[in-house]
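Just below is one structure, and these are the notes that go with it.
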Amino acid sequence: MNIDKKEIDNFDIYAHEWWNKRGPYKLIHNLTPIRVDYIQNTINIKGLRILDIGCGGGLLAEELSKKGAKITGLDASEKTINIAKQHAKESNLNIEYICSTLESYIEKNKKKFDVVICFELIEHVPDQEKLIHSISEVTKKNSTLFFSTINRNIVSFAFAKVIAEYFLKIVPQGTHQYEKFIKPSELALLLELAGFKIDDVSGVKLNPIDHTFSLSSMTKINYFMTSTKK
Ligand SMILES: C[S@@+](CC[C@H](N)C(=O)[O-])C[C@H]1O[C@@H](n2cnc3c(N)ncnc32)[C@H](O)[C@@H]1O
């Protein structure tokens, strides 16, 4: 099973905080607008079937659902998926949420998706290659795959691990393990081996004053990678 139980225990602890804009997921709230813009600038999502893997409390899923996409959200943390379900219900949104890893989902479902989103998940799974192989199984020719994750270098270690978790405390402590960070070149190679063509790599820049984000050519810390199934 491609799951790290300690990671899930950690996400369970903060599950009730997903929709607290000033809580430990504040940065993810601030990321949502540029994520939505990035996706919409790549593809018209209206009517498309989208799989959001490791969807958390549903911050992105809800925004994409409001824009007319049909969303399935998977998350291995039961507490988290329950928060996502509850919030979608209160928001009158029809989103399918399932507590599952991608691998378990595939065992029971043969559905293929037009778009797959894998944001800030690959750095939390034990077998990154297996995750990408599984993503390949839920895509079809021309499906679009959006990734976002953290690069691996001294700058990302200093920022994403030490400063964000321990000094600024804008990310829950223990969220990240440096050795699971992945370089764009490594991610691109895994995707190409799984049959994807890389379309774009864009960096994400944090404004240290107001903690908002913008796209950047600097990919040293967080980055997006978009690819298409061949
Ligand atoms: C850092 S959060 C990212 C949430 C969301 N994708 C976002 O970027 O806003 C990682 C999420 O992945 C979930 N997760 C961790 N390991 C997982 C796995 N093996 N399969 C599915 N979900 C997992 C966690 O419970 C958590 O909600």
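By convention here, the chains of the structure tokens are called A, B, ... in the order presented, each chain's residues are numbered starting at 1, and ligands are numbered starting at 1 in the order presented.
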Residues of chain A that approach ligand 1 to 7 Å or less, counting only C-alpha atoms and all ligand atoms: could you list each one with the shortest pair of atoms and its distance in Å to one decimal, rows by chain and increasing residue number, as JSON lines?
```
{"residue": "A:Asn2", "atom": "CA", "partner": "ligand 1", "partner_atom_place_in_ligand_line": "19 (N)", "distance": 5.4}
{"residue": "A:Ile3", "atom": "CA", "partner": "ligand 1", "partner_atom_place_in_ligand_line": "19 (N)", "distance": 3.9}
{"residue": "A:Asp4", "atom": "CA", "partner": "ligand 1", "partner_atom_place_in_ligand_line": "16 (N)", "distance": 6.4}
{"residue": "A:Glu7", "atom": "CA", "partner": "ligand 1", "partner_atom_place_in_ligand_line": "15 (C)", "distance": 6.2}
{"residue": "A:Ile8", "atom": "CA", "partner": "ligand 1", "partner_atom_place_in_ligand_line": "25 (O)", "distance": 5.2}
{"residue": "A:Phe11", "atom": "CA", "partner": "ligand 1", "partner_atom_place_in_ligand_line": "25 (O)", "distance": 5.0}
{"residue": "A:Asp12", "atom": "CA", "partner": "ligand 1", "partner_atom_place_in_ligand_line": "25 (O)", "distance": 7.0}
{"residue": "A:Ile28", "atom": "CA", "partner": "ligand 1", "partner_atom_place_in_ligand_line": "9 (O)", "distance": 5.5}
{"residue": "A:Ile53", "atom": "CA", "partner": "ligand 1", "partner_atom_place_in_ligand_line": "21 (C)", "distance": 6.1}
{"residue": "A:Gly54", "atom": "CA", "partner": "ligand 1", "partner_atom_place_in_ligand_line": "12 (O)", "distance": 3.6}
{"residue": "A:Cys55", "atom": "CA", "partner": "ligand 1", "partner_atom_place_in_ligand_line": "6 (N)", "distance": 4.2}
{"residue": "A:Gly56", "atom": "CA", "partner": "ligand 1", "partner_atom_place_in_ligand_line": "27 (O)", "distance": 3.4}
{"residue": "A:Gly57", "atom": "CA", "partner": "ligand 1", "partner_atom_place_in_ligand_line": "27 (O)", "distance": 6.7}
{"residue": "A:Leu59", "atom": "CA", "partner": "ligand 1", "partner_atom_place_in_ligand_line": "9 (O)", "distance": 6.3}
{"residue": "A:Leu60", "atom": "CA", "partner": "ligand 1", "partner_atom_place_in_ligand_line": "9 (O)", "distance": 6.5}
{"residue": "A:Leu74", "atom": "CA", "partner": "ligand 1", "partner_atom_place_in_ligand_line": "21 (C)", "distance": 6.1}
{"residue": "A:Asp75", "atom": "CA", "partner": "ligand 1", "partner_atom_place_in_ligand_line": "22 (N)", "distance": 3.8}
{"residue": "A:Ala76", "atom": "CA", "partner": "ligand 1", "partner_atom_place_in_ligand_line": "22 (N)", "distance": 4.1}
{"residue": "A:Ser77", "atom": "CA", "partner": "ligand 1", "partner_atom_place_in_ligand_line": "25 (O)", "distance": 4.4}
{"residue": "A:Thr80", "atom": "CA", "partner": "ligand 1", "partner_atom_place_in_ligand_line": "27 (O)", "distance": 6.1}
{"residue": "A:Ser100", "atom": "CA", "partner": "ligand 1", "partner_atom_place_in_ligand_line": "21 (C)", "distance": 6.0}
{"residue": "A:Thr101", "atom": "CA", "partner": "ligand 1", "partner_atom_place_in_ligand_line": "20 (N)", "distance": 3.8}
{"residue": "A:Leu102", "atom": "CA", "partner": "ligand 1", "partner_atom_place_in_ligand_line": "20 (N)", "distance": 6.0}
{"residue": "A:Cys118", "atom": "CA", "partner": "ligand 1", "partner_atom_place_in_ligand_line": "6 (N)", "distance": 6.2}
{"residue": "A:Phe119", "atom": "CA", "partner": "ligand 1", "partner_atom_place_in_ligand_line": "6 (N)", "distance": 4.3}
{"residue": "A:Glu120", "atom": "CA", "partner": "ligand 1", "partner_atom_place_in_ligand_line": "8 (O)", "distance": 4.6}
{"residue": "A:Leu121", "atom": "CA", "partner": "ligand 1", "partner_atom_place_in_ligand_line": "10 (C)", "distance": 4.8}
{"residue": "A:His124", "atom": "CA", "partner": "ligand 1", "partner_atom_place_in_ligand_line": "16 (N)", "distance": 5.3}
{"residue": "A:Val125", "atom": "CA", "partner": "ligand 1", "partner_atom_place_in_ligand_line": "19 (N)", "distance": 5.1}
```
Can you list, as an MDAnalysis selection string, every protein, DNA or RNA residue that comes within 9 Å of Leu64 in chain A when you count only C-alpha atoms, leaving out same-chain residues fewer than 3 positions away?
-> chainID A and resid 36 45:46 50 60:61 67:71
Run DSSP on the backbone and give me the residues of range 75-150 of chain A it puts in helix (DSSP H, G or I), as a PDB file with C-alpha atoms, in the first residue's frame.
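So part-v1.pdb came out as:
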```pdb
ATOM      1  CA  GLU A  78     -10.702   9.832   6.999  1.00  0.00           C
ATOM      2  CA  LYS A  79     -11.001  12.882   9.248  1.00  0.00           C
ATOM      3  CA  THR A  80      -9.921  15.089   6.363  1.00  0.00           C
ATOM      4  CA  ILE A  81     -12.348  13.596   3.847  1.00  0.00           C
ATOM      5  CA  ASN A  82     -15.191  13.936   6.362  1.00  0.00           C
ATOM      6  CA  ILE A  83     -14.410  17.652   6.686  1.00  0.00           C
ATOM      7  CA  ALA A  84     -14.381  17.948   2.879  1.00  0.00           C
ATOM      8  CA  LYS A  85     -17.737  16.143   2.600  1.00  0.00           C
ATOM      9  CA  GLN A  86     -19.327  18.288   5.302  1.00  0.00           C
ATOM     10  CA  HIS A  87     -18.092  21.541   3.778  1.00  0.00           C
ATOM     11  CA  ALA A  88     -19.273  20.616   0.265  1.00  0.00           C
ATOM     12  CA  LYS A  89     -22.693  19.782   1.686  1.00  0.00           C
ATOM     13  CA  GLU A  90     -22.897  23.137   3.459  1.00  0.00           C
ATOM     14  CA  LEU A 102      -5.178   6.090  -5.503  1.00  0.00           C
ATOM     15  CA  GLU A 103      -4.031   2.466  -5.569  1.00  0.00           C
ATOM     16  CA  SER A 104      -7.072   1.226  -3.601  1.00  0.00           C
ATOM     17  CA  TYR A 105      -9.361   3.386  -5.743  1.00  0.00           C
ATOM     18  CA  ILE A 106      -8.028   1.782  -8.927  1.00  0.00           C
ATOM     19  CA  GLU A 107      -8.722  -1.705  -7.566  1.00  0.00           C
ATOM     20  CA  LYS A 108     -12.463  -0.888  -7.422  1.00  0.00           C
ATOM     21  CA  ILE A 122       3.968  13.297  -3.952  1.00  0.00           C
ATOM     22  CA  GLU A 123       6.234  14.517  -1.131  1.00  0.00           C
ATOM     23  CA  HIS A 124       4.025  12.601   1.340  1.00  0.00           C
ATOM     24  CA  GLN A 128       6.722   8.247  -5.769  1.00  0.00           C
ATOM     25  CA  GLU A 129       7.257   6.173  -8.918  1.00  0.00           C
ATOM     26  CA  LYS A 130       4.309   3.948  -8.021  1.00  0.00           C
ATOM     27  CA  LEU A 131       2.080   6.998  -7.519  1.00  0.00           C
ATOM     28  CA  ILE A 132       2.890   8.224 -11.028  1.00  0.00           C
ATOM     29  CA  HIS A 133       2.333   4.773 -12.474  1.00  0.00           C
ATOM     30  CA  SER A 134      -1.096   4.697 -10.774  1.00  0.00           C
ATOM     31  CA  ILE A 135      -1.915   8.175 -12.096  1.00  0.00           C
ATOM     32  CA  SER A 136      -1.134   6.890 -15.561  1.00  0.00           C
ATOM     33  CA  GLU A 137      -3.795   4.206 -15.055  1.00  0.00           C
TER      34      GLU A 137
END
```
Expected answer as a PyMOL selection string: strand (DSSP E) residues in range 6-230 of chain A = chain A and resi 49-53+70-75+96-99+113-119+139-150+196-206+213-216+222-229
Restrict the selected residues to C-alpha atoms and save them as a PDB file, in the first residue's frame.
```pdb
ATOM      1  CA  ARG A  49     -14.065  14.913 -15.091  1.00  0.00           C
ATOM      2  CA  ILE A  50     -11.318  15.831 -12.651  1.00  0.00           C
ATOM      3  CA  LEU A  51      -9.623  13.599 -10.093  1.00  0.00           C
ATOM      4  CA  ASP A  52      -8.007  15.494  -7.199  1.00  0.00           C
ATOM      5  CA  ILE A  53      -5.647  13.081  -5.402  1.00  0.00           C
ATOM      6  CA  LYS A  70     -17.153  17.219 -12.137  1.00  0.00           C
ATOM      7  CA  ILE A  71     -14.826  16.475  -9.263  1.00  0.00           C
ATOM      8  CA  THR A  72     -13.803  13.287  -7.536  1.00  0.00           C
ATOM      9  CA  GLY A  73     -11.581  13.945  -4.506  1.00  0.00           C
ATOM     10  CA  LEU A  74      -9.508  11.209  -2.865  1.00  0.00           C
ATOM     11  CA  ASP A  75      -7.759  11.499   0.451  1.00  0.00           C
ATOM     12  CA  GLU A  96     -17.647  12.935  -4.925  1.00  0.00           C
ATOM     13  CA  TYR A  97     -15.254  12.469  -1.989  1.00  0.00           C
ATOM     14  CA  ILE A  98     -13.732   9.085  -1.202  1.00  0.00           C
ATOM     15  CA  CYS A  99     -11.406   8.124   1.639  1.00  0.00           C
ATOM     16  CA  PHE A 113     -10.342  11.224 -15.975  1.00  0.00           C
ATOM     17  CA  ASP A 114      -9.880  14.175 -18.330  1.00  0.00           C
ATOM     18  CA  VAL A 115      -7.759  15.946 -15.730  1.00  0.00           C
ATOM     19  CA  VAL A 116      -5.794  14.677 -12.740  1.00  0.00           C
ATOM     20  CA  ILE A 117      -4.557  17.007 -10.021  1.00  0.00           C
ATOM     21  CA  CYS A 118      -1.833  15.955  -7.622  1.00  0.00           C
ATOM     22  CA  PHE A 119      -0.980  19.001  -5.510  1.00  0.00           C
ATOM     23  CA  THR A 139      -5.713   8.885 -17.411  1.00  0.00           C
ATOM     24  CA  LYS A 140      -6.349   8.435 -21.123  1.00  0.00           C
ATOM     25  CA  LYS A 141      -4.764   9.899 -24.272  1.00  0.00           C
ATOM     26  CA  ASN A 142      -4.664  13.718 -23.968  1.00  0.00           C
ATOM     27  CA  SER A 143      -5.630  13.800 -20.272  1.00  0.00           C
ATOM     28  CA  THR A 144      -3.974  16.714 -18.512  1.00  0.00           C
ATOM     29  CA  LEU A 145      -2.007  16.148 -15.335  1.00  0.00           C
ATOM     30  CA  PHE A 146      -1.233  18.979 -12.925  1.00  0.00           C
ATOM     31  CA  PHE A 147       1.406  18.518 -10.255  1.00  0.00           C
ATOM     32  CA  SER A 148       2.644  20.853  -7.594  1.00  0.00           C
ATOM     33  CA  THR A 149       5.355  19.976  -5.135  1.00  0.00           C
ATOM     34  CA  ILE A 150       8.587  21.111  -3.477  1.00  0.00           C
ATOM     35  CA  PHE A 196       3.428  11.854 -20.247  1.00  0.00           C
ATOM     36  CA  LYS A 197       4.768  14.796 -22.255  1.00  0.00           C
ATOM     37  CA  ILE A 198       5.886  17.764 -20.139  1.00  0.00           C
ATOM     38  CA  ASP A 199       4.121  20.993 -21.179  1.00  0.00           C
ATOM     39  CA  ASP A 200       5.112  23.471 -18.501  1.00  0.00           C
ATOM     40  CA  VAL A 201       7.131  23.978 -15.348  1.00  0.00           C
ATOM     41  CA  SER A 202       6.426  27.177 -13.388  1.00  0.00           C
ATOM     42  CA  GLY A 203       7.750  28.344 -10.058  1.00  0.00           C
ATOM     43  CA  VAL A 204       5.652  29.692  -7.209  1.00  0.00           C
ATOM     44  CA  LYS A 205       6.839  32.724  -5.281  1.00  0.00           C
ATOM     45  CA  LEU A 206       5.687  33.686  -1.780  1.00  0.00           C
ATOM     46  CA  PHE A 213       1.635  33.810  -3.996  1.00  0.00           C
ATOM     47  CA  SER A 214       2.403  34.530  -7.629  1.00  0.00           C
ATOM     48  CA  LEU A 215       3.840  32.531 -10.524  1.00  0.00           C
ATOM     49  CA  SER A 216       7.563  32.907 -11.088  1.00  0.00           C
ATOM     50  CA  ASN A 222       7.506  25.239  -4.914  1.00  0.00           C
ATOM     51  CA  TYR A 223       6.683  24.534  -8.522  1.00  0.00           C
ATOM     52  CA  PHE A 224       3.863  23.437 -10.806  1.00  0.00           C
ATOM     53  CA  MET A 225       4.402  20.875 -13.546  1.00  0.00           C
ATOM     54  CA  THR A 226       1.812  20.258 -16.260  1.00  0.00           C
ATOM     55  CA  SER A 227       1.924  17.290 -18.589  1.00  0.00           C
ATOM     56  CA  THR A 228      -0.252  15.550 -21.173  1.00  0.00           C
ATOM     57  CA  LYS A 229      -0.790  11.805 -21.562  1.00  0.00           C
TER      58      LYS A 229
END
```
One decimal, Å: what's the distance from CA of Leu190 in chain A over to CA of Ile39 in chain A, could you say?
->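 Rounded to one decimal, the two atoms are 21.4 Å apart.
Counting only C-alpha atoms, His211 in chain A has the following residues at most 8 Å away, ignoring those fewer than 4 positions along the same chain: Leu27, Asn30, Leu206 and Asn207 of chain A.
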Create the file for the chosen residues now, containing N, CA and C atoms and written as a PDB file, in the first residue's frame.
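Written output follows (selection.pdb):
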```
ATOM      1  N   LEU A  27      -1.571  29.023   4.189  1.00  0.00           N
ATOM      2  CA  LEU A  27      -0.831  29.150   2.930  1.00  0.00           C
ATOM      3  C   LEU A  27      -1.561  28.468   1.786  1.00  0.00           C
ATOM      4  N   ASN A  30      -4.135  30.699   0.595  1.00  0.00           N
ATOM      5  CA  ASN A  30      -3.555  31.769  -0.229  1.00  0.00           C
ATOM      6  C   ASN A  30      -3.103  31.268  -1.593  1.00  0.00           C
ATOM      7  N   LEU A 206       6.454  33.193  -2.939  1.00  0.00           N
ATOM      8  CA  LEU A 206       5.687  33.686  -1.780  1.00  0.00           C
ATOM      9  C   LEU A 206       6.099  35.118  -1.460  1.00  0.00           C
ATOM     10  N   ASN A 207       5.094  35.985  -1.306  1.00  0.00           N
ATOM     11  CA  ASN A 207       5.382  37.340  -0.840  1.00  0.00           C
ATOM     12  C   ASN A 207       5.530  37.273   0.689  1.00  0.00           C
TER      13      ASN A 207
END
```
